[in-house]
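Visitor: Below is protein-v3.csv; it holds CSV, C-alpha atoms and all ligand atoms.
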chain,number,residue,atom,x,y,z
H,1,MET,CA,183.8,107.4,64.8
H,2,SER,CA,182.1,105.6,67.6
H,3,TRP,CA,180.4,107.0,70.7
H,4,LEU,CA,181.7,106.2,74.2
H,5,VAL,CA,178.3,104.9,75.4
H,6,GLN,CA,175.1,103.5,74.1
H,7,SER,CA,171.8,103.9,75.9
H,8,ARG,CA,168.3,102.4,76.1
H,9,LEU,CA,165.2,102.5,78.2
H,10,VAL,CA,165.2,99.9,81.0
H,11,ASN,CA,161.5,99.1,80.6
H,12,GLY,CA,159.0,99.7,77.8
H,13,PRO,CA,157.3,103.1,77.6
H,14,PHE,CA,154.5,102.1,79.9
H,15,GLY,CA,156.8,100.6,82.5
H,16,ASP,CA,158.9,102.3,85.2
H,17,PRO,CA,161.1,105.1,84.0
H,18,GLY,CA,164.9,104.6,83.7
H,19,VAL,CA,167.7,104.6,81.1
H,20,TYR,CA,170.6,102.2,81.1
H,21,VAL,CA,173.8,103.8,79.7
H,22,ASP,CA,176.4,101.1,78.8
H,23,PHE,CA,180.0,101.9,78.1
H,24,LEU,CA,181.2,100.4,74.8
H,25,PHE,CA,184.7,99.8,76.1
H,26,GLY,CA,185.2,98.6,79.7
H,27,ARG,CA,182.7,96.9,81.9
H,28,ARG,CA,180.8,99.8,83.2
H,29,ALA,CA,177.3,101.3,83.1
H,30,ILE,CA,175.3,104.2,84.4
H,31,LEU,CA,171.7,104.3,85.4
H,32,PHE,CA,169.3,107.2,85.2
H,33,ASP,CA,166.6,106.4,87.7
H,34,LEU,CA,166.0,103.3,89.8
H,35,GLY,CA,162.6,102.0,88.9
H,36,ASP,CA,161.8,98.3,88.2
H,37,LEU,CA,165.2,96.9,87.1
H,38,SER,CA,164.0,93.3,86.4
H,39,PRO,CA,164.5,93.6,82.6
H,40,LEU,CA,168.2,94.0,83.3
H,41,ALA,CA,170.3,90.9,83.5
H,42,PRO,CA,172.4,90.5,86.7
H,43,ARG,CA,175.6,91.0,84.8
H,44,GLU,CA,174.2,94.3,83.5
H,45,VAL,CA,173.2,95.4,87.0
H,46,LEU,CA,176.7,94.5,88.3
H,47,ARG,CA,178.3,96.8,85.7
H,48,VAL,CA,176.5,99.9,87.2
H,49,SER,CA,179.0,102.3,88.8
H,50,ASP,CA,176.9,105.4,89.1
H,51,VAL,CA,173.2,106.0,89.6
H,52,PHE,CA,171.4,109.3,89.1
H,53,VAL,CA,168.0,109.4,90.7
H,54,SER,CA,165.6,112.0,89.5
H,55,HIS,CA,163.4,111.9,92.7
H,56,ARG,CA,162.1,109.4,95.2
H,57,HIS,CA,158.6,108.7,93.9
H,58,MET,CA,158.4,104.9,94.1
H,59,ASP,CA,158.5,104.3,90.3
H,60,HIS,CA,161.9,105.9,90.3
H,61,PHE,CA,163.5,104.4,93.4
H,62,VAL,CA,162.0,100.9,93.9
H,63,GLY,CA,164.9,99.3,92.1
H,64,PHE,CA,167.3,100.2,94.9
H,65,ASP,CA,166.8,96.8,96.6
H,66,ARG,CA,167.6,94.7,93.5
H,67,LEU,CA,170.7,96.8,92.8
H,68,LEU,CA,171.8,96.4,96.5
H,69,ARG,CA,171.1,92.7,96.5
H,70,LEU,CA,173.3,92.1,93.5
H,71,ARG,CA,176.1,94.5,94.3
H,72,LEU,CA,176.4,93.5,98.0
H,73,ASN,CA,178.6,90.5,97.0
H,74,ARG,CA,180.9,92.5,94.7
H,75,PRO,CA,183.7,94.7,96.0
H,76,GLY,CA,183.7,98.3,94.9
H,77,VAL,CA,181.8,101.6,95.3
H,78,LEU,CA,178.4,102.4,94.0
H,79,ARG,CA,178.0,106.2,93.6
H,80,MET,CA,174.5,107.6,93.9
H,81,VAL,CA,173.4,111.2,93.1
H,82,GLY,CA,169.9,112.5,93.7
H,83,PRO,CA,167.8,115.3,95.1
H,84,PRO,CA,167.6,116.5,98.7
H,85,GLY,CA,166.4,113.5,100.8
H,86,LEU,CA,168.3,110.9,98.8
H,87,ILE,CA,170.8,110.2,101.7
H,88,GLY,CA,167.9,109.8,104.2
H,89,GLY,CA,166.1,107.5,101.7
H,90,ILE,CA,169.2,105.3,101.3
H,91,ARG,CA,169.6,105.3,105.1
H,92,ALA,CA,166.0,104.2,105.6
H,93,LYS,CA,166.3,101.5,102.9
H,94,LEU,CA,169.5,100.1,104.6
H,95,ASP,CA,167.9,100.4,108.0
H,96,SER,CA,165.1,98.1,106.9
H,97,TYR,CA,167.5,95.1,107.0
H,98,ASP,CA,169.6,93.5,109.7
H,99,TRP,CA,173.3,93.7,109.1
H,100,ASN,CA,174.6,91.9,112.2
H,101,LEU,CA,176.6,89.4,110.1
H,102,LEU,CA,178.6,92.1,108.3
H,103,GLY,CA,182.1,92.9,109.5
H,104,GLU,CA,185.7,93.3,108.6
H,105,GLY,CA,185.7,89.9,106.8
H,106,SER,CA,182.7,91.0,104.5
H,107,VAL,CA,183.1,91.9,100.9
H,108,ASP,CA,184.3,95.5,100.7
H,109,PHE,CA,181.3,97.0,99.1
H,110,GLY,CA,180.1,100.6,99.7
H,111,ILE,CA,177.6,103.2,98.6
H,112,GLU,CA,178.6,106.8,98.4
H,113,ALA,CA,175.8,109.3,97.9
H,114,ALA,CA,175.5,113.0,97.4
H,115,GLU,CA,172.5,115.4,97.0
H,116,PHE,CA,172.1,118.1,94.3
H,117,ALA,CA,170.7,121.2,95.9
H,118,GLU,CA,170.9,125.0,95.1
H,119,GLY,CA,172.4,124.2,91.8
H,120,ARG,CA,175.3,122.1,92.9
H,121,LEU,CA,176.3,118.8,94.3
H,122,GLY,CA,176.7,118.7,98.1
H,123,PRO,CA,179.0,116.6,100.4
H,124,TRP,CA,179.3,112.9,100.0
H,125,THR,CA,178.2,110.3,102.6
H,126,GLY,CA,179.5,106.8,102.6
H,127,PHE,CA,177.9,103.6,103.7
H,128,ARG,CA,180.4,100.7,103.9
H,129,ALA,CA,179.3,97.0,104.2
H,130,ARG,CA,182.3,96.3,106.5
H,131,ASP,CA,181.0,99.0,108.8
H,132,ALA,CA,177.5,97.5,108.8
H,133,PHE,CA,176.5,100.5,106.6
H,134,ARG,CA,177.0,103.1,109.2
H,135,ALA,CA,177.0,106.6,107.6
H,136,CYS,CA,180.3,108.4,107.5
H,137,PRO,CA,181.5,111.5,105.5
H,138,VAL,CA,183.6,110.9,102.4
H,139,ALA,CA,186.0,113.5,101.0
H,140,ARG,CA,185.7,114.0,97.3
H,141,ALA,CA,186.6,117.0,95.1
H,142,GLU,CA,183.9,119.6,94.7
H,143,LEU,CA,182.4,119.9,91.3
H,144,SER,CA,181.4,123.0,89.4
H,145,GLU,CA,177.9,124.4,89.5
H,146,GLY,CA,175.4,122.3,87.6
H,147,VAL,CA,177.8,119.3,87.3
H,148,VAL,CA,177.3,116.0,89.0
H,149,LEU,CA,180.0,113.9,87.3
H,150,ALA,CA,183.3,115.0,85.7
H,151,GLU,CA,185.7,112.5,84.2
H,152,ASP,CA,188.3,112.7,81.4
H,153,ASP,CA,185.8,111.3,78.8
H,154,LEU,CA,182.5,112.7,79.9
H,155,THR,CA,180.6,115.0,82.2
H,156,ILE,CA,177.0,114.9,83.5
H,157,GLU,CA,175.1,118.1,84.0
H,158,CYS,CA,172.1,118.4,86.1
H,159,ALA,CA,169.1,120.8,86.7
H,160,ALA,CA,166.4,120.6,89.3
H,161,LEU,CA,162.9,120.7,87.9
H,162,ASP,CA,159.7,121.4,89.7
H,163,HIS,CA,157.4,118.3,90.0
H,164,GLY,CA,155.8,119.4,93.4
H,165,VAL,CA,159.1,118.0,94.8
H,166,PRO,CA,162.5,118.8,93.2
H,167,CYS,CA,163.1,116.3,90.3
H,168,LEU,CA,166.5,116.2,88.7
H,169,ALA,CA,167.0,116.1,84.9
H,170,PHE,CA,170.4,115.1,83.5
H,171,ALA,CA,172.5,115.5,80.4
H,172,LEU,CA,175.6,113.3,79.7
H,173,GLN,CA,178.1,115.0,77.4
H,174,GLU,CA,180.9,112.9,76.0
H,175,ARG,CA,184.2,114.8,75.3
H,176,ALA,CA,185.1,115.6,71.7
H,177,GLN,CA,185.9,112.6,69.6
H,178,VAL,CA,189.3,112.7,68.0
H,179,SER,CA,190.2,110.3,65.1
H,180,VAL,CA,193.5,109.9,63.3
H,181,LEU,CA,193.8,110.4,59.5
H,182,PRO,CA,196.4,107.9,58.3
H,183,GLU,CA,197.1,109.7,55.1
H,184,GLY,CA,197.7,113.0,57.1
H,185,LEU,CA,200.1,111.2,59.3
H,186,ALA,CA,201.9,109.8,56.2
H,187,GLN,CA,202.2,113.3,54.7
H,188,LEU,CA,203.9,114.5,57.8
H,189,GLY,CA,206.3,111.5,57.7
H,190,LEU,CA,204.9,110.2,61.0
H,191,SER,CA,203.7,106.7,61.9
H,192,VAL,CA,201.1,105.3,64.2
H,193,GLY,CA,202.4,104.8,67.8
H,194,PRO,CA,201.7,105.2,71.5
H,195,TRP,CA,202.5,108.9,71.1
H,196,LEU,CA,199.1,109.4,69.5
H,197,LYS,CA,197.3,108.9,72.8
H,198,ALA,CA,198.9,112.0,74.4
H,199,ALA,CA,198.4,113.9,71.1
H,200,LYS,CA,194.7,113.1,71.0
H,201,SER,CA,194.3,114.0,74.6
H,202,ALA,CA,196.0,117.4,74.0
H,203,VAL,CA,193.5,118.0,71.1
H,204,ARG,CA,190.6,117.1,73.4
H,205,ARG,CA,191.8,119.5,76.1
H,206,GLY,CA,192.1,122.2,73.4
H,207,GLU,CA,195.8,123.0,73.9
H,208,PRO,CA,197.3,125.8,71.8
H,209,ASP,CA,198.7,125.4,68.2
H,210,ASP,CA,202.3,125.8,69.4
H,211,TRP,CA,202.0,123.1,72.0
H,212,LEU,CA,204.7,120.6,71.2
H,213,ILE,CA,204.0,116.9,70.8
H,214,ASP,CA,206.7,114.2,70.9
H,215,ALA,CA,205.8,112.0,67.9
H,216,GLY,CA,208.4,109.4,69.0
H,217,ASP,CA,212.2,109.5,69.5
H,218,GLY,CA,212.2,113.2,70.3
H,219,ASP,CA,210.7,114.2,66.9
H,220,THR,CA,208.5,117.0,68.1
H,221,ARG,CA,205.7,118.6,66.1
H,222,PRO,CA,203.4,121.6,66.9
H,223,LEU,CA,199.9,120.5,67.8
H,224,GLY,CA,198.4,123.0,65.4
H,225,LEU,CA,200.0,121.2,62.4
H,226,LEU,CA,198.9,117.8,63.6
H,227,ARG,CA,195.4,119.1,64.3
H,228,GLU,CA,195.2,120.5,60.8
H,229,LYS,CA,196.6,117.5,58.9
H,230,ALA,CA,196.4,114.4,61.0
H,231,PHE,CA,193.3,114.6,63.2
H,232,ARG,CA,189.6,115.0,62.7
H,233,THR,CA,187.5,116.1,65.7
H,234,ALA,CA,183.8,115.8,66.2
H,235,PRO,CA,181.7,116.7,69.1
H,236,GLY,CA,181.0,113.9,71.5
H,237,GLN,CA,177.5,112.4,72.0
H,238,ARG,CA,175.0,114.3,74.2
H,239,LEU,CA,172.2,112.3,75.9
H,240,ALA,CA,169.5,114.0,78.0
H,241,TYR,CA,167.1,112.4,80.5
H,242,VAL,CA,164.0,114.4,81.5
H,243,THR,CA,161.2,113.1,83.5
H,244,ASP,CA,158.4,114.0,86.0
H,245,THR,CA,158.1,117.7,85.4
H,246,ALA,CA,155.4,120.3,85.4
H,247,PHE,CA,155.0,122.3,82.2
H,248,HIS,CA,155.9,125.9,83.0
H,249,ASP,CA,158.5,128.5,81.8
H,250,ALA,CA,161.1,127.8,84.4
H,251,ASN,CA,161.1,124.1,83.8
H,252,ALA,CA,160.9,124.5,80.0
H,253,SER,CA,164.0,126.7,80.0
H,254,HIS,CA,166.0,124.2,82.1
H,255,ILE,CA,164.9,121.4,79.7
H,256,ARG,CA,165.8,123.4,76.6
H,257,ASN,CA,169.3,124.0,78.1
H,258,LEU,CA,169.9,120.4,79.0
H,259,ALA,CA,168.6,118.9,75.8
H,260,GLN,CA,170.2,121.5,73.6
H,261,ASN,CA,171.5,119.7,70.4
H,262,ALA,CA,171.2,116.4,72.2
H,263,HIS,CA,171.8,113.4,69.9
H,264,GLN,CA,169.2,111.6,72.0
H,265,LEU,CA,166.6,113.0,74.4
H,266,TYR,CA,164.7,110.7,76.7
H,267,ILE,CA,161.7,112.6,77.8
H,268,GLU,CA,158.5,111.7,79.6
H,269,ALA,CA,155.2,111.8,77.8
H,270,VAL,CA,152.6,110.9,80.4
H,271,PHE,CA,149.3,112.3,78.9
H,272,LEU,CA,147.9,113.3,75.6
H,273,ASP,CA,147.4,117.1,74.9
H,274,GLU,CA,143.7,116.4,75.2
H,275,ASP,CA,144.2,115.6,78.9
H,276,VAL,CA,146.5,118.6,79.6
H,277,ALA,CA,144.3,119.6,82.6
H,278,GLU,CA,145.2,116.2,84.2
H,279,ALA,CA,148.9,116.7,83.2
H,280,ASN,CA,148.9,120.1,84.9
H,281,LEU,CA,147.3,118.6,88.1
H,282,ARG,CA,149.8,115.8,88.3
H,283,ARG,CA,152.8,118.0,87.3
H,284,HIS,CA,153.7,115.9,84.3
H,285,LEU,CA,154.3,116.7,80.6
H,286,THR,CA,151.9,115.8,77.8
H,287,ALA,CA,153.4,114.1,74.7
H,288,GLY,CA,152.8,117.2,72.7
H,289,GLN,CA,154.7,119.4,75.2
H,290,ALA,CA,157.5,116.9,75.3
H,291,GLY,CA,157.8,116.9,71.5
H,292,ARG,CA,157.7,120.7,71.2
H,293,LEU,CA,160.4,121.1,73.9
H,294,ALA,CA,162.6,118.6,72.1
H,295,ARG,CA,162.1,120.6,68.9
H,296,GLU,CA,162.9,123.9,70.5
H,297,ALA,CA,166.0,122.4,72.1
H,298,GLY,CA,167.2,121.2,68.7
H,299,ALA,CA,167.4,117.6,69.9
H,300,ARG,CA,168.1,115.2,67.0
H,301,ARG,CA,166.1,112.2,68.3
H,302,ILE,CA,163.6,111.7,71.1
H,303,THR,CA,162.4,108.6,72.9
H,304,THR,CA,159.3,109.0,75.1
H,305,PHE,CA,158.4,107.0,78.2
H,306,HIS,CA,156.4,107.2,81.4
H,307,HIS,CA,153.2,106.7,79.4
H,308,SER,CA,150.0,106.6,81.5
H,309,PRO,CA,148.3,103.2,81.5
H,310,ARG,CA,145.0,105.0,80.6
H,311,TYR,CA,146.3,104.9,77.0
H,312,LEU,CA,147.1,101.2,76.9
H,313,ASP,CA,144.2,100.6,74.5
H,314,ARG,CA,146.0,102.9,72.0
H,315,PRO,CA,149.6,102.3,72.9
H,316,GLU,CA,151.1,104.3,70.0
H,317,ALA,CA,149.1,107.5,70.6
H,318,LEU,CA,151.6,109.2,73.0
H,319,ALA,CA,154.7,108.5,70.9
H,320,THR,CA,152.8,109.6,67.8
H,321,GLU,CA,151.7,112.9,69.3
H,322,ALA,CA,155.2,113.5,70.6
H,323,CYS,CA,156.8,112.8,67.2
H,324,GLU,CA,154.3,115.0,65.3
H,325,ALA,CA,155.0,117.8,67.8
H,326,PHE,CA,158.8,117.2,67.5
H,327,GLU,CA,158.7,117.3,63.7
H,328,GLY,CA,156.5,120.4,63.8
H,329,THR,CA,153.5,118.8,62.1
H,330,PHE,CA,151.3,119.0,65.2
H,331,PRO,CA,149.5,122.3,66.0
H,332,PRO,CA,150.7,124.0,69.3
H,333,LEU,CA,148.4,123.8,72.3
H,334,ASP,CA,146.7,127.1,73.2
H,401,ZN,ZN,157.1,111.6,90.2
H,402,ZN,ZN,157.2,109.0,87.8
Mind turning the file's structure into structure tokens?
Ligand SMILES: [Zn+2]
Ligand SMILES: [Zn+2]
Guide:
Amino acid sequence: MSWLVQSRLVNGPFGDPGVYVDFLFGRRAILFDLGDLSPLAPREVLRVSDVFVSHRHMDHFVGFDRLLRLRLNRPGVLRMVGPPGLIGGIRAKLDSYDWNLLGEGSVDFGIEAAEFAEGRLGPWTGFRARDAFRACPVARAELSEGVVLAEDDLTIECAALDHGVPCLAFALQERAQVSVLPEGLAQLGLSVGPWLKAAKSAVRRGEPDDWLIDAGDGDTRPLGLLREKAFRTAPGQRLAYVTDTAFHDANASHIRNLAQNAHQLYIEAVFLDEDVAEANLRRHLTAGQAGRLAREAGARRITTFHHSPRYLDRPEALATEACEAFEGTFPPLD
């Protein structure tokens, strides 16, 4: 069974933070954070449909210009979600250029942005190239608390962490994976066909056992029977992205929730535990703290990043400390 998306850091662990989430089917990608995007090929940048910005410190937002430069000539909408101040930040970036040559004949490109505050996503503001990027409200369905993207195949959850400023952490959850067991189908006297799409979708939605599925030519079967004999379900992939956060109880509890049972957790590891005083001062995690949080959350795999350049002479030290803490072989910090 394959996942819906695959993910990777945009830069090396000492470079700007950011994760590129590529859809395996369909030309689409999502970005967590907008730091230096130069390692991404233009075709990869052009696939980006949604960007989730943790906060507007420069190492997380400087990539906006490259994204805009490439997307400007492609029709479509780029959605951006971030903390309070995001819309003003986009406005300020757009205002730094002259747009006098844009008009009705321009490529129909637009940015739509919304801010996550008080636990939920606020109203959307649009900036359309054909309108010289003047701001205007955009009507979009309201999402549930803690959710910043909801689609048929995946949702993205969000929590605001404290980093001196609000800093958003995210978790992408794929919907359950449903696969077909050919031998089960054969036992029921059914064959593969377009009807399977609706059946799989009913399984994913969790419809009741007596829900009737048309298996072709009016041959209806109860979903419960199909679920038992012909389908196998597995939970979808969960990816979490956590960066720029002070280490305290409130943050730790948000992180454990978002990263709970994550197949992959991307988490910052800026300092070594030996420099915890510095980490506290700068409201960042140590590698040991990151590893312990990942273990407590039950994450399956961690990738650390946002390493401080002070450790460039021992580049493996942070990942090693995080791994040892993650595996429980590293003593907890007092
Ligand atoms: Zn920061
Ligand atoms: Zn940062």
Visitor: Quick one: pull the distance between atom CA of H:Glu321 and atom CA of H:Val165, Å, one decimal.
Guide: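 So the two atoms, atom CA of H:Glu321 and atom CA of H:Val165, lie 27.0 Å apart.
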Visitor: Using atom CA of H:Leu223 and atom CA of H:Asp210 as the two end points, give the distance in Å to one decimal.
Guide: 6.0 Å
Visitor: Distance atom CA of H:Leu190-atom CA of H:Ser2, one decimal place?
Guide: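 Separation of atom CA of H:Leu190 and atom CA of H:Ser2: 24.2 Å.
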Visitor: Would you pick out the contacts of H:Gly146 at 10 Å or less, using only C-alpha atoms, so that residues sharing its chain but fewer than 6 positions from it are not included, and give the list as a list in words?
Guide: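 The contact residues come out as Phe116, Ala117, Glu118, Gly119, Arg120, Leu121, Ile156, Glu157, Cys158, Ala159, Ala160 and Phe170 of chain H.
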Visitor: Which polymer residues have any atom within 8 Å of an atom of H:Leu154, counting all atoms listed in the file, with same-chain residues fewer than 5 positions away left out, as a PDB file with C-alpha atoms, keeping the file's coordinate frame?
Guide:
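File part25.pdb, as written:
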ATOM      1  CA  LEU H 149     180.000 113.900  87.300  1.00  0.00           C
ATOM      2  CA  LEU H 172     175.600 113.300  79.700  1.00  0.00           C
ATOM      3  CA  GLN H 173     178.100 115.000  77.400  1.00  0.00           C
ATOM      4  CA  GLU H 174     180.900 112.900  76.000  1.00  0.00           C
ATOM      5  CA  ARG H 175     184.200 114.800  75.300  1.00  0.00           C
TER       6      ARG H 175
END
Visitor: Can you write out as CSV which residues of chain H fall within 8 Å of ligand ZN 402 (chain H), alongside each residue's closest atom pair and its distance in Å to one decimal, counting all atoms listed in the file and ordering rows by chain and ascending residue number?
Guide:
residue,atom,partner,partner_atom,distance
H:Asp16,CA,H:ZN402,ZN,7.4
H:Pro17,CA,H:ZN402,ZN,6.7
H:His57,CA,H:ZN402,ZN,6.3
H:Met58,CA,H:ZN402,ZN,7.6
H:Asp59,CA,H:ZN402,ZN,5.5
H:His60,CA,H:ZN402,ZN,6.2
H:Thr243,CA,H:ZN402,ZN,7.2
H:Asp244,CA,H:ZN402,ZN,5.4
H:His306,CA,H:ZN402,ZN,6.7
Visitor: With 12 Å as the cut-off and all atoms listed in the file counted, what is the closest atom pair between each nearby residue of chain H and ligand ZN 401 (chain H)? Distances in Å to one decimal, ordered by chain and number, as CSV.
Guide:
residue,atom,partner,partner_atom,distance
H:Asp16,CA,H:ZN401,ZN,10.7
H:Pro17,CA,H:ZN401,ZN,9.8
H:Asp33,CA,H:ZN401,ZN,11.1
H:Gly35,CA,H:ZN401,ZN,11.1
H:Val53,CA,H:ZN401,ZN,11.1
H:Ser54,CA,H:ZN401,ZN,8.5
H:His55,CA,H:ZN401,ZN,6.8
H:Arg56,CA,H:ZN401,ZN,7.4
H:His57,CA,H:ZN401,ZN,4.9
H:Met58,CA,H:ZN401,ZN,7.9
H:Asp59,CA,H:ZN401,ZN,7.4
H:His60,CA,H:ZN401,ZN,7.5
H:Phe61,CA,H:ZN401,ZN,10.2
H:Leu161,CA,H:ZN401,ZN,11.0
H:Asp162,CA,H:ZN401,ZN,10.2
H:His163,CA,H:ZN401,ZN,6.7
H:Gly164,CA,H:ZN401,ZN,8.5
H:Val165,CA,H:ZN401,ZN,8.1
H:Pro166,CA,H:ZN401,ZN,9.5
H:Cys167,CA,H:ZN401,ZN,7.6
H:Leu168,CA,H:ZN401,ZN,10.6
H:Val242,CA,H:ZN401,ZN,11.5
H:Thr243,CA,H:ZN401,ZN,8.0
H:Asp244,CA,H:ZN401,ZN,5.0
H:Thr245,CA,H:ZN401,ZN,7.8
H:Ala246,CA,H:ZN401,ZN,10.1
H:Glu268,CA,H:ZN401,ZN,10.7
H:Val270,CA,H:ZN401,ZN,10.8
H:Ala279,CA,H:ZN401,ZN,11.9
H:Arg282,CA,H:ZN401,ZN,8.6
H:Arg283,CA,H:ZN401,ZN,8.2
H:His284,CA,H:ZN401,ZN,8.1
H:Leu285,CA,H:ZN401,ZN,11.2
H:His306,CA,H:ZN401,ZN,9.9
Visitor: Write the residues of the preceding selection, restricted to C-alpha atoms, as a PDB file, in the frame of the given file.
Guide:
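Just written: part18.pdb:
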ATOM      1  CA  ASP H  16     158.900 102.300  85.200  1.00  0.00           C
ATOM      2  CA  PRO H  17     161.100 105.100  84.000  1.00  0.00           C
ATOM      3  CA  ASP H  33     166.600 106.400  87.700  1.00  0.00           C
ATOM      4  CA  GLY H  35     162.600 102.000  88.900  1.00  0.00           C
ATOM      5  CA  VAL H  53     168.000 109.400  90.700  1.00  0.00           C
ATOM      6  CA  SER H  54     165.600 112.000  89.500  1.00  0.00           C
ATOM      7  CA  HIS H  55     163.400 111.900  92.700  1.00  0.00           C
ATOM      8  CA  ARG H  56     162.100 109.400  95.200  1.00  0.00           C
ATOM      9  CA  HIS H  57     158.600 108.700  93.900  1.00  0.00           C
ATOM     10  CA  MET H  58     158.400 104.900  94.100  1.00  0.00           C
ATOM     11  CA  ASP H  59     158.500 104.300  90.300  1.00  0.00           C
ATOM     12  CA  HIS H  60     161.900 105.900  90.300  1.00  0.00           C
ATOM     13  CA  PHE H  61     163.500 104.400  93.400  1.00  0.00           C
ATOM     14  CA  LEU H 161     162.900 120.700  87.900  1.00  0.00           C
ATOM     15  CA  ASP H 162     159.700 121.400  89.700  1.00  0.00           C
ATOM     16  CA  HIS H 163     157.400 118.300  90.000  1.00  0.00           C
ATOM     17  CA  GLY H 164     155.800 119.400  93.400  1.00  0.00           C
ATOM     18  CA  VAL H 165     159.100 118.000  94.800  1.00  0.00           C
ATOM     19  CA  PRO H 166     162.500 118.800  93.200  1.00  0.00           C
ATOM     20  CA  CYS H 167     163.100 116.300  90.300  1.00  0.00           C
ATOM     21  CA  LEU H 168     166.500 116.200  88.700  1.00  0.00           C
ATOM     22  CA  VAL H 242     164.000 114.400  81.500  1.00  0.00           C
ATOM     23  CA  THR H 243     161.200 113.100  83.500  1.00  0.00           C
ATOM     24  CA  ASP H 244     158.400 114.000  86.000  1.00  0.00           C
ATOM     25  CA  THR H 245     158.100 117.700  85.400  1.00  0.00           C
ATOM     26  CA  ALA H 246     155.400 120.300  85.400  1.00  0.00           C
ATOM     27  CA  GLU H 268     158.500 111.700  79.600  1.00  0.00           C
ATOM     28  CA  VAL H 270     152.600 110.900  80.400  1.00  0.00           C
ATOM     29  CA  ALA H 279     148.900 116.700  83.200  1.00  0.00           C
ATOM     30  CA  ARG H 282     149.800 115.800  88.300  1.00  0.00           C
ATOM     31  CA  ARG H 283     152.800 118.000  87.300  1.00  0.00           C
ATOM     32  CA  HIS H 284     153.700 115.900  84.300  1.00  0.00           C
ATOM     33  CA  LEU H 285     154.300 116.700  80.600  1.00  0.00           C
ATOM     34  CA  HIS H 306     156.400 107.200  81.400  1.00  0.00           C
TER      35      HIS H 306
END
Visitor: Within 10 Å of H:Glu316, counting only C-alpha atoms, which residues show up once you throw out same-chain ones fewer than 4 positions away? Write them as number ranges by chain, please.
Guide: H: 13, 307, 311-312, 320-321
Visitor: For stretch 204-207 of chain H, work out the shell of residues within 9 Å, counting all atoms listed in the file and skipping chain neighbours fewer than 4 positions away, then give it as number ranges by chain.
Guide: H: 175-178, 199-200, 211, 223-224, 233
